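Peer 1: Shown below is the structure under consideration.
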Amino acid sequence: MASGFLFFAYGDVASEVQMEQVDPLCDLMGLAKASDRRFTFNPSGFANLKPEAGANTWGTLWMMPATAMEGLDRQAAERGLERGVIFVISPAGPRVPATVYAKADAEVGKPQPEVLAGAIACAAGLKFDRRFRKELDGWNA
């Protein structure tokens, strides 16, 4: 890949199947954790991240070709999210800056059932942290 960027995917878009639909040239780097970020849903029912001390959100870290940015921006806009950069704990251990799509000041909403189901399935399939999987299950209540 000539030019690319690190991307932190979470929720229903963190799976390999979903990311390959974004761009088949993306490379999975491994599981990653966004410290001090709470997994929530925005008013439209899509997965979102909000700053919260002590919270952790698990996802996947990808090396994306630069050409994928336009498609990710479009998908995020449809979900009411904005591009930003946060530090995540990479599979190798160090904190690295990664592109993420979230809206920190969005109100917390009710999840769309298929978005929640996708996030839970992804977390189970990738064996995310047990506490985080329990947190996701709590959204079913």
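To be explicit about the labels: the chains of the structure tokens are called A, B, and onward in the order shown, and within each one the residues are counted from 1, while ligands get numbers from 1 in the order they are shown.
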For Phe39 (chain A), list every protein, DNA or RNA residue within 10 Å, evaluated using only C-alpha atoms, and leave out those in the same chain fewer than 6 positions away; present the list as a count of residues only.

Peer 2: 17

Peer 1: Name the residues of chain A that come out as alpha helix (DSSP H) in a backbone DSSP run; write them as a PyMOL selection string.

Peer 2: chain A and resi 16-22+69-78+113-125+130-137

Peer 1: Work out how far CA of Pro65 (chain A) is from CA of Ala32 (chain A), in Å to one decimal.

Peer 2: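 Here the two named atoms are 18.8 Å from each other.
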
Peer 1: Provide the CA of Met63 (chain A) to CA of Phe5 (chain A) distance in Å, to one decimal place.

Peer 2: 5.6 Å

Peer 1: Please report the interatomic distance between CA of Thr40 (chain A) and CA of Leu25 (chain A) in Å with one decimal.

Peer 2: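 CA of Leu25 (chain A) lies 28.8 Å from CA of Thr40 (chain A).
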
Peer 1: Looking only at the backbone, which of the residues in chain A does DSSP tag as strand (DSSP E or B), as a PyMOL selection string?

Peer 2: chain A and resi 4-10+27-41+47-65+82-89+95-102

Peer 1: Please identify all polymer residues within 8 Å of Leu31 (chain A), counting only C-alpha atoms, omitting same-chain residues fewer than 4 positions from it, and present them as a PyMOL selection string.

Peer 2: chain A and resi 58-61+90-91+126+128

Peer 1: The selected residues should be written to file as a compact mmCIF listing (two decimals), in the first residue's frame (atoms: N, CA and C atoms).

Peer 2:
```
# COMPACT_ATOMS: atom_id res chain seq x y z
N TRP A 58 -13.65 -1.52 22.76
CA TRP A 58 -12.84 -2.42 21.97
C TRP A 58 -13.28 -2.37 20.52
N GLY A 59 -12.33 -2.53 19.64
CA GLY A 59 -12.60 -2.53 18.21
C GLY A 59 -11.43 -3.16 17.48
N THR A 60 -11.34 -2.85 16.21
CA THR A 60 -10.25 -3.38 15.39
C THR A 60 -9.47 -2.23 14.77
N LEU A 61 -8.19 -2.45 14.61
CA LEU A 61 -7.31 -1.44 14.02
C LEU A 61 -6.93 -1.91 12.62
N SER A 90 -2.69 -0.18 20.47
CA SER A 90 -2.55 -1.04 19.29
C SER A 90 -2.30 -2.49 19.69
N PRO A 91 -2.41 -3.41 18.73
CA PRO A 91 -2.13 -4.81 19.03
C PRO A 91 -0.71 -5.03 19.56
N LEU A 126 -14.82 -11.88 17.53
CA LEU A 126 -13.42 -11.46 17.66
C LEU A 126 -12.89 -11.63 19.08
N PHE A 128 -13.63 -9.97 21.90
CA PHE A 128 -13.29 -8.74 22.61
C PHE A 128 -13.32 -9.01 24.12
```

Peer 1: Mind checking which residues fall within 8 Å of Arg133 (chain A), counting only C-alpha atoms, ignoring those fewer than 6 positions away in the same chain, and posting them as a ChimeraX atom specification?

Peer 2: /A:120,123-124

Peer 1: Keeping only N, CA and C atoms, take the residues you just selected and write them out as a tab-separated table (two decimals), in the first residue's frame.

Peer 2:
```
chain	number	residue	atom	x	y	z
A	120	ILE	N	-22.69	-6.84	18.72
A	120	ILE	CA	-22.57	-7.98	19.63
A	120	ILE	C	-21.94	-9.17	18.92
A	123	ALA	N	-18.21	-8.49	18.42
A	123	ALA	CA	-17.48	-8.58	19.69
A	123	ALA	C	-17.29	-10.04	20.11
A	124	ALA	N	-18.32	-10.85	19.90
A	124	ALA	CA	-18.22	-12.27	20.26
A	124	ALA	C	-17.27	-13.00	19.32
```

Peer 1: What's around Thr99 (chain A) at 12 Å? Count only C-alpha atoms, leave out sequence neighbours fewer than 4 positions away in its own chain, and write the answer as JSON, numbers by chain.

Peer 2: {"A": [4, 5, 6, 7, 8, 9, 10, 34, 60, 61, 62, 63, 64, 66, 68, 69, 72, 73, 76, 82, 83, 84, 85, 86, 87, 88]}

Peer 1: Output the selection as a short mmCIF file (atom, residue, chain, number, x, y, z; two decimals), in the first residue's frame - C-alpha atoms for each residue.

Peer 2:
```cif
data_model
loop_
_atom_site.label_atom_id
_atom_site.label_comp_id
_atom_site.auth_asym_id
_atom_site.auth_seq_id
_atom_site.Cartn_x
_atom_site.Cartn_y
_atom_site.Cartn_z
CA GLY A 4 -2.51 4.82 3.97
CA PHE A 5 -3.78 5.60 7.46
CA LEU A 6 -4.66 3.75 10.65
CA PHE A 7 -8.39 3.42 11.27
CA PHE A 8 -10.13 2.32 14.47
CA ALA A 9 -13.38 0.49 13.69
CA TYR A 10 -15.88 -0.30 16.44
CA ALA A 34 -9.90 3.09 22.86
CA THR A 60 -10.25 -3.38 15.39
CA LEU A 61 -7.31 -1.44 14.02
CA TRP A 62 -6.88 -1.32 10.25
CA MET A 63 -4.34 0.00 7.80
CA MET A 64 -6.50 1.62 5.16
CA ALA A 66 -5.76 6.61 1.42
CA ALA A 68 -10.78 4.65 1.35
CA MET A 69 -11.16 7.97 3.18
CA LEU A 72 -15.56 6.21 5.06
CA ASP A 73 -16.46 9.91 5.19
CA ALA A 76 -20.00 8.31 8.55
CA GLU A 82 -17.58 12.99 12.04
CA ARG A 83 -13.97 12.14 11.31
CA GLY A 84 -11.44 12.67 14.09
CA VAL A 85 -8.28 11.20 15.54
CA ILE A 86 -7.95 9.45 18.89
CA PHE A 87 -5.19 7.43 20.50
CA VAL A 88 -5.85 3.69 20.72
#
```
